[in-house]
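Novice: Provided below: coords-v9.cif, containing mmCIF, C-alpha atoms.
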data_work
loop_
_atom_site.label_atom_id
_atom_site.label_comp_id
_atom_site.auth_asym_id
_atom_site.auth_seq_id
_atom_site.Cartn_x
_atom_site.Cartn_y
_atom_site.Cartn_z
CA MET A 1 -35.80 -7.37 -0.45
CA SER A 2 -33.15 -9.39 1.43
CA THR A 3 -30.13 -7.70 3.07
CA ALA A 4 -27.78 -9.23 0.46
CA GLN A 5 -29.90 -7.88 -2.42
CA GLY A 6 -30.08 -4.48 -0.71
CA ASP A 7 -26.29 -4.45 -0.32
CA VAL A 8 -25.77 -5.30 -4.01
CA LYS A 9 -27.99 -2.34 -4.93
CA ALA A 10 -26.15 -0.12 -2.41
CA VAL A 11 -22.75 -1.04 -3.93
CA GLU A 12 -24.07 0.03 -7.35
CA GLN A 13 -25.29 3.33 -5.84
CA LEU A 14 -21.90 3.88 -4.16
CA ALA A 15 -20.01 3.29 -7.44
CA GLN A 16 -22.36 5.73 -9.22
CA SER A 17 -21.97 8.36 -6.47
CA VAL A 18 -18.17 8.08 -6.57
CA LYS A 19 -18.18 8.69 -10.35
CA HIS A 20 -20.31 11.78 -9.74
CA ILE A 21 -18.01 12.97 -6.89
CA ARG A 22 -14.93 12.56 -9.09
CA SER A 23 -16.46 14.53 -11.95
CA GLU A 24 -17.42 17.38 -9.55
CA ILE A 25 -13.90 17.45 -8.02
CA GLY A 26 -12.51 17.44 -11.59
CA LYS A 27 -14.14 20.86 -12.17
CA VAL A 28 -11.61 22.34 -9.71
CA ILE A 29 -8.72 19.84 -9.43
CA ILE A 30 -6.89 18.96 -12.63
CA GLY A 31 -5.25 15.51 -12.70
CA GLN A 32 -4.50 13.73 -9.38
CA GLU A 33 -7.12 11.03 -10.20
CA GLU A 34 -5.28 8.37 -8.23
CA ILE A 35 -4.96 10.62 -5.15
CA VAL A 36 -8.69 11.47 -5.31
CA GLU A 37 -9.55 7.75 -5.51
CA GLN A 38 -7.33 6.95 -2.53
CA LEU A 39 -8.81 9.81 -0.49
CA LEU A 40 -12.31 8.46 -1.17
CA ILE A 41 -11.20 4.92 -0.22
CA THR A 42 -9.88 6.28 3.11
CA LEU A 43 -13.08 8.20 3.79
CA PHE A 44 -15.45 5.30 3.08
CA ALA A 45 -13.21 2.89 5.03
CA ARG A 46 -13.42 5.21 8.10
CA GLY A 47 -9.66 5.79 8.00
CA HIS A 48 -7.44 8.87 8.13
CA CYS A 49 -4.87 10.01 5.64
CA LEU A 50 -1.38 11.54 5.64
CA LEU A 51 -0.65 13.56 2.50
CA VAL A 52 2.98 14.41 1.70
CA GLY A 53 3.87 16.86 -1.04
CA VAL A 54 5.80 20.05 -1.78
CA PRO A 55 3.95 23.39 -1.42
CA GLY A 56 1.67 24.55 -4.23
CA LEU A 57 0.23 21.17 -5.27
CA ALA A 58 -3.33 22.15 -4.20
CA LYS A 59 -3.47 19.87 -1.14
CA THR A 60 -5.69 22.32 0.80
CA LEU A 61 -7.84 23.10 -2.25
CA LEU A 62 -8.36 19.37 -2.89
CA ILE A 63 -9.64 18.74 0.65
CA ARG A 64 -11.81 21.86 0.71
CA THR A 65 -13.32 20.80 -2.64
CA LEU A 66 -13.95 17.27 -1.33
CA ALA A 67 -15.78 18.71 1.72
CA GLN A 68 -17.96 20.91 -0.53
CA VAL A 69 -18.86 18.05 -2.88
CA LEU A 70 -19.76 15.83 0.10
CA ASP A 71 -21.70 18.62 1.85
CA LEU A 72 -19.65 18.19 5.02
CA LYS A 73 -18.40 20.65 7.64
CA PHE A 74 -14.76 21.49 6.88
CA SER A 75 -12.13 22.80 9.27
CA ARG A 76 -8.48 23.69 8.67
CA ILE A 77 -5.86 23.81 11.43
CA GLN A 78 -2.50 25.37 10.56
CA PHE A 79 0.02 23.62 12.81
CA THR A 80 2.72 25.88 14.28
CA PRO A 81 5.36 25.38 17.01
CA ASP A 82 3.30 27.41 19.53
CA LEU A 83 -0.02 25.58 18.95
CA MET A 84 -1.51 24.14 22.16
CA PRO A 85 -3.72 21.01 22.49
CA SER A 86 -6.66 23.23 23.54
CA ASP A 87 -6.30 25.17 20.25
CA ILE A 88 -7.40 21.92 18.55
CA THR A 89 -9.84 20.30 20.94
CA GLY A 90 -11.40 23.41 22.51
CA THR A 91 -11.23 25.23 25.81
CA GLU A 92 -13.35 25.95 28.89
CA ILE A 93 -14.25 29.56 29.65
CA ILE A 94 -15.83 31.12 32.75
CA GLU A 95 -19.18 32.69 31.94
CA ASP A 96 -21.26 35.03 34.14
CA ASN A 97 -24.93 34.19 34.51
CA ILE A 98 -26.51 37.67 34.65
CA SER A 99 -29.83 36.51 36.13
CA THR A 100 -28.34 34.54 39.06
CA GLY A 101 -24.94 36.23 39.38
CA GLN A 102 -23.22 32.82 39.34
CA LYS A 103 -20.17 31.90 37.32
CA ASN A 104 -20.28 28.74 35.17
CA PHE A 105 -17.77 26.92 33.02
CA ARG A 106 -18.69 26.59 29.36
CA PHE A 107 -16.82 24.44 26.81
CA ILE A 108 -16.04 26.18 23.52
CA LYS A 109 -15.52 23.54 20.84
CA GLY A 110 -12.28 23.67 18.87
CA PRO A 111 -11.73 23.15 15.11
CA ILE A 112 -11.54 19.35 15.61
CA PHE A 113 -15.38 19.40 15.77
CA ALA A 114 -15.91 19.09 12.02
CA ASN A 115 -16.48 16.24 9.55
CA ILE A 116 -13.34 16.81 7.51
CA VAL A 117 -10.34 18.21 9.38
CA LEU A 118 -7.27 19.36 7.46
CA ALA A 119 -4.24 19.29 9.77
CA ASP A 120 -1.79 21.39 7.77
CA GLU A 121 1.91 20.64 8.34
CA ILE A 122 1.33 18.33 11.31
CA ASN A 123 5.10 17.92 11.82
CA ARG A 124 5.48 21.65 12.67
CA THR A 125 3.91 21.28 16.12
CA PRO A 126 5.32 19.68 19.33
CA PRO A 127 4.43 16.04 20.24
CA LYS A 128 1.93 17.07 22.97
CA THR A 129 -0.24 18.89 20.40
CA GLN A 130 0.19 16.12 17.81
CA ALA A 131 -1.00 13.64 20.48
CA ALA A 132 -4.22 15.63 21.05
CA LEU A 133 -5.12 15.29 17.37
CA LEU A 134 -4.08 11.63 17.16
CA GLU A 135 -6.14 10.74 20.24
CA ALA A 136 -9.24 12.34 18.71
CA MET A 137 -8.56 10.43 15.47
CA GLN A 138 -8.40 7.15 17.33
CA GLU A 139 -11.28 7.63 19.79
CA HIS A 140 -13.58 9.84 17.66
CA SER A 141 -14.09 11.83 20.87
CA VAL A 142 -12.49 14.63 22.89
CA THR A 143 -12.12 14.71 26.69
CA ALA A 144 -11.97 18.12 28.38
CA ALA A 145 -12.25 18.82 32.13
CA GLY A 146 -13.57 15.32 32.80
CA HIS A 147 -16.30 15.48 30.13
CA THR A 148 -16.19 13.39 26.95
CA TYR A 149 -17.56 14.99 23.78
CA THR A 150 -18.29 12.65 20.87
CA LEU A 151 -17.24 13.91 17.44
CA GLU A 152 -19.84 14.03 14.68
CA GLU A 153 -19.71 11.27 12.07
CA PRO A 154 -18.32 10.97 9.46
CA PHE A 155 -15.00 12.13 10.95
CA PHE A 156 -12.06 12.21 8.57
CA VAL A 157 -8.63 13.72 9.33
CA LEU A 158 -6.28 14.57 6.54
CA ALA A 159 -2.84 15.64 7.73
CA THR A 160 -0.24 17.17 5.42
CA GLN A 161 3.55 17.25 5.60
CA ASN A 162 6.06 19.21 3.55
CA PRO A 163 8.92 16.81 2.67
CA ILE A 164 11.44 19.57 1.92
CA GLU A 165 11.78 21.86 4.95
CA GLN A 166 12.63 19.57 7.83
CA GLU A 167 14.38 22.18 10.00
CA GLY A 168 12.53 22.91 13.24
CA THR A 169 10.02 20.10 12.72
CA TYR A 170 8.83 17.29 14.98
CA PRO A 171 8.62 14.13 12.83
CA LEU A 172 5.79 11.76 13.74
CA PRO A 173 7.09 8.58 15.41
CA GLU A 174 6.37 5.23 13.67
CA ALA A 175 3.70 4.32 16.27
CA GLN A 176 1.78 7.52 15.47
CA LEU A 177 2.24 7.17 11.71
CA ASP A 178 0.56 3.76 12.08
CA ARG A 179 -2.71 5.55 12.98
CA PHE A 180 -3.00 6.78 9.39
CA MET A 181 -4.61 4.30 7.01
CA PHE A 182 -2.86 5.71 3.92
CA ASN A 183 0.29 7.73 3.34
CA LEU A 184 -0.12 9.46 -0.03
CA TRP A 185 2.65 11.22 -1.94
CA LEU A 186 1.62 14.03 -4.28
CA ASP A 187 3.82 14.38 -7.35
CA TYR A 188 4.22 17.40 -9.61
CA PRO A 189 1.58 17.54 -12.39
CA ALA A 190 2.37 16.44 -15.94
CA PHE A 191 3.20 19.20 -18.49
CA GLN A 192 -0.28 19.31 -20.08
CA GLU A 193 -1.95 19.22 -16.64
CA GLU A 194 0.17 22.15 -15.48
CA VAL A 195 -0.74 24.12 -18.63
CA GLN A 196 -4.42 23.44 -17.85
CA ILE A 197 -3.94 24.46 -14.18
CA VAL A 198 -2.38 27.79 -15.19
CA LYS A 199 -5.17 28.46 -17.72
CA SER A 200 -7.97 27.72 -15.26
CA THR A 201 -6.50 29.53 -12.23
CA THR A 202 -5.44 32.81 -13.86
CA THR A 203 -8.91 33.87 -15.01
CA GLN A 204 -12.12 34.91 -13.24
CA TYR A 205 -13.75 31.52 -13.84
CA LYS A 206 -15.00 29.87 -10.65
CA ALA A 207 -16.50 26.38 -10.81
CA GLU A 208 -19.88 25.81 -9.17
CA LEU A 209 -19.87 22.59 -7.20
CA LYS A 210 -23.01 20.57 -6.51
CA PRO A 211 -23.11 18.47 -3.32
CA VAL A 212 -23.35 14.75 -4.13
CA LEU A 213 -23.73 12.95 -0.76
CA THR A 214 -24.93 13.91 2.71
CA ALA A 215 -23.25 12.94 6.01
CA LYS A 216 -25.97 10.30 6.62
CA GLN A 217 -25.45 8.69 3.19
CA ILE A 218 -21.67 8.57 3.78
CA THR A 219 -22.05 6.83 7.19
CA ASP A 220 -24.49 4.35 5.56
CA PHE A 221 -21.89 3.58 2.87
CA GLN A 222 -19.20 3.20 5.58
CA ASP A 223 -21.42 0.59 7.27
CA LEU A 224 -21.93 -1.10 3.89
CA ILE A 225 -18.15 -1.47 3.40
CA ARG A 226 -17.93 -3.50 6.63
CA ARG A 227 -20.53 -5.92 5.22
CA VAL A 228 -18.69 -6.53 1.92
CA PRO A 229 -17.64 -10.22 1.90
CA VAL A 230 -13.99 -11.21 1.38
CA ALA A 231 -12.71 -14.62 0.23
CA ASP A 232 -10.26 -16.42 2.53
CA ASN A 233 -7.52 -16.50 -0.13
CA VAL A 234 -7.65 -12.66 -0.37
CA ILE A 235 -7.34 -12.28 3.42
CA GLU A 236 -4.48 -14.81 3.47
CA TYR A 237 -2.67 -12.90 0.69
CA ALA A 238 -2.98 -9.59 2.64
CA VAL A 239 -1.71 -11.18 5.86
CA ARG A 240 1.15 -12.90 4.03
CA LEU A 241 2.16 -9.61 2.37
CA ALA A 242 2.21 -7.78 5.73
CA ARG A 243 4.10 -10.62 7.44
CA GLU A 244 6.70 -10.79 4.65
CA THR A 245 7.80 -7.22 5.51
CA ARG A 246 9.01 -8.37 8.98
CA PRO A 247 12.72 -9.25 8.87
CA ASN A 248 13.58 -12.76 10.10
CA PRO A 249 16.05 -15.52 9.06
CA GLN A 250 13.53 -16.89 6.48
CA SER A 251 12.74 -13.44 4.96
CA LYS A 252 13.04 -12.70 1.26
CA GLN A 253 16.42 -11.19 0.27
CA VAL A 254 14.94 -7.72 -0.43
CA VAL A 255 13.63 -7.58 3.17
CA LYS A 256 16.89 -8.85 4.70
CA ASP A 257 18.89 -6.31 2.68
CA PHE A 258 16.80 -3.18 3.11
CA LEU A 259 14.40 -3.31 6.10
CA SER A 260 14.95 -2.82 9.84
CA TYR A 261 11.32 -3.26 10.90
CA GLY A 262 8.18 -4.54 9.20
CA ALA A 263 4.48 -3.68 9.34
CA GLY A 264 2.26 -4.65 12.30
CA PRO A 265 -1.18 -6.32 12.25
CA ARG A 266 -2.90 -2.98 11.59
CA ALA A 267 -1.39 -3.13 8.09
CA SER A 268 -3.22 -6.43 7.40
CA GLN A 269 -6.49 -4.91 8.63
CA TYR A 270 -6.12 -1.82 6.43
CA LEU A 271 -5.08 -3.89 3.40
CA ILE A 272 -8.42 -5.74 3.62
CA LEU A 273 -10.51 -2.68 4.52
CA GLY A 274 -8.90 -0.72 1.67
CA ALA A 275 -9.39 -3.60 -0.79
CA LYS A 276 -13.08 -3.91 0.21
CA THR A 277 -13.60 -0.17 -0.28
CA ARG A 278 -11.73 -0.04 -3.59
CA ALA A 279 -13.80 -2.96 -4.90
CA ALA A 280 -17.07 -1.32 -3.79
CA ILE A 281 -16.34 2.11 -5.30
CA LEU A 282 -15.47 0.38 -8.58
CA GLY A 283 -18.85 -1.41 -8.47
CA LYS A 284 -17.51 -4.88 -7.54
CA PHE A 285 -19.28 -6.94 -4.86
CA ALA A 286 -16.16 -8.55 -3.39
CA PRO A 287 -12.46 -7.64 -3.49
CA ASP A 288 -9.80 -9.75 -5.18
CA ILE A 289 -6.01 -9.95 -4.79
CA GLU A 290 -5.59 -7.19 -7.38
CA ASP A 291 -7.45 -4.78 -5.06
CA VAL A 292 -5.04 -5.64 -2.23
CA ARG A 293 -2.02 -5.09 -4.50
CA ALA A 294 -3.40 -1.72 -5.72
CA ILE A 295 -3.60 -0.24 -2.23
CA ALA A 296 -0.53 -1.97 -0.73
CA PRO A 297 1.97 0.92 -1.38
CA PRO A 298 0.00 3.66 0.47
CA VAL A 299 -0.85 1.23 3.31
CA LEU A 300 2.69 -0.12 3.80
CA ARG A 301 4.87 2.83 2.81
CA HIS A 302 4.90 4.42 6.30
CA ARG A 303 4.67 1.15 8.27
CA ILE A 304 8.00 -0.33 7.23
CA VAL A 305 11.34 1.12 8.30
CA ALA A 306 14.17 1.11 5.76
CA ASN A 307 17.72 0.54 6.99
CA PHE A 308 20.97 2.33 6.14
CA ASN A 309 21.56 0.14 3.03
CA ALA A 310 18.26 1.29 1.51
CA GLU A 311 19.10 4.94 2.19
CA ALA A 312 22.63 4.51 0.79
CA ASP A 313 21.23 2.90 -2.39
CA ASN A 314 18.39 5.47 -2.56
CA ILE A 315 15.73 2.73 -2.44
CA SER A 316 12.34 3.92 -1.18
CA THR A 317 9.93 1.88 0.94
CA VAL A 318 7.46 1.84 -2.01
CA GLU A 319 10.12 0.25 -4.20
CA ILE A 320 10.70 -2.40 -1.52
CA VAL A 321 6.92 -3.10 -1.34
CA ASN A 322 6.71 -3.39 -5.15
CA ARG A 323 9.68 -5.79 -5.27
CA LEU A 324 8.12 -7.86 -2.50
CA MET A 325 4.78 -8.11 -4.35
CA LYS A 326 6.60 -9.38 -7.45
CA GLU A 327 8.12 -12.19 -5.35
CA ILE A 328 4.94 -13.25 -3.53
#
Before anything else, please render the file you have as structure tokens.
Specialist:
Amino acid sequence: MSTAQGDVKAVEQLAQSVKHIRSEIGKVIIGQEEIVEQLLITLFARGHCLLVGVPGLAKTLLIRTLAQVLDLKFSRIQFTPDLMPSDITGTEIIEDNISTGQKNFRFIKGPIFANIVLADEINRTPPKTQAALLEAMQEHSVTAAGHTYTLEEPFFVLATQNPIEQEGTYPLPEAQLDRFMFNLWLDYPAFQEEVQIVKSTTTQYKAELKPVLTAKQITDFQDLIRRVPVADNVIEYAVRLARETRPNPQSKQVVKDFLSYGAGPRASQYLILGAKTRAAILGKFAPDIEDVRAIAPPVLRHRIVANFNAEADNISTVEIVNRLMKEI
């Protein structure tokens, strides 16, 4: 079988596996289908995700469930103002060797050494500790006392932020936000969904989850995504969309009126990677412009900076992106 034929078959297997994953997650998480899809896109695209939502929307439960269904090692770090970088990456301890009487240094791995890492309330910790996590996200490795330790693949960081309590927080700068492929906003559930949530969580019922994919299968699918072909017109559309967010004298009126800064080249890369992944998990063999448009809001939302006019008129960055897509 040729590589192309093998890839076609692999795309079909990926689409089938994703259906299975979503039905398993649905045993525990009610609603949030779009968020689950976007989390899976981030994972298979080898990206990281920032999840913003008020407390009580099952952010932690969703990620824990995802880790169980994918049979991956899960780790949760609760970010606090006194958290140190070594509390994330790990620390060296002095150990006595009883047989020789010598003292040796031994590295104790921190919670970052997992496949899925939930960084809870990342904006509650000082920049130095945030930087330790962001460096590991970028490099997929940790350096301690001159030694580099490679993190196990797949490696997926999901950071959460509470949008309400902003007192005593350390907001992530734009350059660090850019490291996250997607910025997802969790909304309150619909009335019927909330009724269902209350029914299912106030009894003794506990769903039994069956693992769907192994770590090896996930890394194989991540490699497959990189091989998915993309037509030139789709790449050109993604680049044009990212470039249109950058204010200049020729910009569209919505950009001139409401944006201070636009998205960098990383946005174009993630628009294409996200479109490729979305196409593959839906069983398509190549992405189209519709795939780019579908993932544009979570890719661009945190990469464009709204100005005072947008804040005064209560216009969100997602609204600006949607208006821009209508004009392109």
Novice: Report the distance between CA of Phe258 in chain A and CA of Thr317 in chain A in Å, rounded to one decimal place.
Specialist: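 According to the coordinates, CA of Phe258 in chain A and CA of Thr317 in chain A are separated by 8.8 Å.
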Novice: Rounded to one decimal place, report the CA of Ala58 in chain A-CA of Ile30 in chain A distance in Å.
Specialist: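 Separation between CA of Ala58 in chain A and CA of Ile30 in chain A: 9.7 Å.
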Novice: Compile the contact shell of Leu259 in chain A as an mmCIF file with C-alpha atoms, in the frame of the given file: residues with an atom at most 6 Å away, counting all atoms listed in the file, same-chain residues fewer than 3 positions apart removed.
Specialist:
data_model
loop_
_atom_site.group_PDB
_atom_site.id
_atom_site.type_symbol
_atom_site.label_atom_id
_atom_site.label_comp_id
_atom_site.auth_asym_id
_atom_site.auth_seq_id
_atom_site.Cartn_x
_atom_site.Cartn_y
_atom_site.Cartn_z
ATOM 1 C CA VAL A 255 13.630 -7.580 3.170
ATOM 2 C CA VAL A 305 11.340 1.120 8.300
ATOM 3 C CA ALA A 306 14.170 1.110 5.760
ATOM 4 C CA ASN A 307 17.720 0.540 6.990
#
Novice: What's the 9 Å shell around Thr89 in chain A, counting only C-alpha atoms, without same-chain residues fewer than 3 positions away, as a PyMOL selection string?
Specialist: chain A and resi 85-86+108-113+132-133+136+142-144
Novice: Kindly save the residues from that selection, with C-alpha atoms included, as a compact mmCIF listing (two decimals), keeping the file's coordinate frame.
Specialist:
# COMPACT_ATOMS: atom_id res chain seq x y z
CA PRO A 85 -3.72 21.01 22.49
CA SER A 86 -6.66 23.23 23.54
CA ILE A 108 -16.04 26.18 23.52
CA LYS A 109 -15.52 23.54 20.84
CA GLY A 110 -12.28 23.67 18.87
CA PRO A 111 -11.73 23.15 15.11
CA ILE A 112 -11.54 19.35 15.61
CA PHE A 113 -15.38 19.40 15.77
CA ALA A 132 -4.22 15.63 21.05
CA LEU A 133 -5.12 15.29 17.37
CA ALA A 136 -9.24 12.34 18.71
CA VAL A 142 -12.49 14.63 22.89
CA THR A 143 -12.12 14.71 26.69
CA ALA A 144 -11.97 18.12 28.38
Novice: Fewer than 3 positions away in the same chain doesn't count, so skip those; otherwise give me all residues within 12 Å of Glu290 in chain A, counting all atoms listed in the file, as a PyMOL selection string.
Specialist: chain A and resi 233-234+237-238+271-272+274-276+278-279+286-287+293-296+325
Novice: Grab the CA of Pro163 in chain A to CA of Arg243 in chain A distance for me, in Å with one decimal place.
Specialist: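 That distance, rounded to one decimal, is 28.3 Å.
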Novice: Give as a list in words the residues that the PyMOL selection byres ((chain A and resi 297) around 9) matches when applied to the coordinates above.
Specialist: Phe182, Asn183, Leu184, Arg293, Ala294, Ile295, Ala296, Pro298, Val299, Leu300, Arg301, His302, Thr317, Val318, Glu319, Val321 and Asn322 of chain A
Novice: Using the selection just defined, write its residues with C-alpha atoms as a PDB file, in the frame of the given file.
Specialist:
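Result file follows (out39.pdb):
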ATOM      1  CA  PHE A 182      -2.860   5.710   3.920  1.00  0.00           C
ATOM      2  CA  ASN A 183       0.290   7.730   3.340  1.00  0.00           C
ATOM      3  CA  LEU A 184      -0.120   9.460  -0.030  1.00  0.00           C
ATOM      4  CA  ARG A 293      -2.020  -5.090  -4.500  1.00  0.00           C
ATOM      5  CA  ALA A 294      -3.400  -1.720  -5.720  1.00  0.00           C
ATOM      6  CA  ILE A 295      -3.600  -0.240  -2.230  1.00  0.00           C
ATOM      7  CA  ALA A 296      -0.530  -1.970  -0.730  1.00  0.00           C
ATOM      8  CA  PRO A 298       0.000   3.660   0.470  1.00  0.00           C
ATOM      9  CA  VAL A 299      -0.850   1.230   3.310  1.00  0.00           C
ATOM     10  CA  LEU A 300       2.690  -0.120   3.800  1.00  0.00           C
ATOM     11  CA  ARG A 301       4.870   2.830   2.810  1.00  0.00           C
ATOM     12  CA  HIS A 302       4.900   4.420   6.300  1.00  0.00           C
ATOM     13  CA  THR A 317       9.930   1.880   0.940  1.00  0.00           C
ATOM     14  CA  VAL A 318       7.460   1.840  -2.010  1.00  0.00           C
ATOM     15  CA  GLU A 319      10.120   0.250  -4.200  1.00  0.00           C
ATOM     16  CA  VAL A 321       6.920  -3.100  -1.340  1.00  0.00           C
ATOM     17  CA  ASN A 322       6.710  -3.390  -5.150  1.00  0.00           C
TER      18      ASN A 322
END
Novice: Residues of range 105-169 of chain A that have any atom at most 7 Å from an atom of range 49-56 of chain A: could you tabulate them with the shortest-distance atom pair and the distance in Å to one decimal, using all atoms listed in the file, ordered by chain and increasing number, as JSON lines?
Specialist:
{"residue": "A:Val157", "atom": "CA", "partner": "A:Cys49", "partner_atom": "CA", "distance": 6.4}
{"residue": "A:Leu158", "atom": "CA", "partner": "A:Cys49", "partner_atom": "CA", "distance": 4.9}
{"residue": "A:Ala159", "atom": "CA", "partner": "A:Leu50", "partner_atom": "CA", "distance": 4.8}
{"residue": "A:Thr160", "atom": "CA", "partner": "A:Leu51", "partner_atom": "CA", "distance": 4.7}
{"residue": "A:Gln161", "atom": "CA", "partner": "A:Val52", "partner_atom": "CA", "distance": 4.9}
{"residue": "A:Asn162", "atom": "CA", "partner": "A:Val54", "partner_atom": "CA", "distance": 5.4}
{"residue": "A:Pro163", "atom": "CA", "partner": "A:Gly53", "partner_atom": "CA", "distance": 6.3}
{"residue": "A:Ile164", "atom": "CA", "partner": "A:Val54", "partner_atom": "CA", "distance": 6.8}
Novice: Choose the residue, out of A:Phe74, A:Ala310, A:Val292, A:Glu92, that has the smallest atom-to-atom separation from Gly146 in chain A; count only C-alpha atoms.
Specialist: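 Using only C-alpha atoms, the shortest distance to Gly146 in chain A belongs to A:Glu92.
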Novice: Around (8.5, -13.9, 0.7), as given in the file, which residues come within 8 Å? Count only C-alpha atoms and list them as an MDAnalysis selection string.
Specialist: chainID A and resid 241 244 251:252 324 327:328
Novice: Nearest residue to Leu70 in chain A out of A:Thr277, A:Thr201, A:Gln217, A:Gln102, using only C-alpha atoms?
Specialist: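 Of the candidates, the smallest distance to Leu70 in chain A is held by A:Gln217.
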Novice: Give as a VMD selection string the residues that the PyMOL selection byres ((chain A and resi 193) around 12) matches when applied to the coordinates above.
Specialist: chain A and resid 26 29 to 33 57 187 to 192 194 to 200
Novice: Between A:Ala10, A:Ile116, A:Val69, A:Leu273, which residue has the minimum interatomic distance to Ile25 in chain A, considering all atoms listed in the file?
Specialist: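 Going through A:Ala10, A:Ile116, A:Val69, A:Leu273 one by one, the smallest distance to Ile25 in chain A is for A:Val69.
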Novice: Evaluate the PyMOL selection byres ((chain A and resi 11) around 8) on the structure here and hand back the selected residues as a PyMOL selection string.
Specialist: chain A and resi 7-10+12-15+224+280-281+283-285
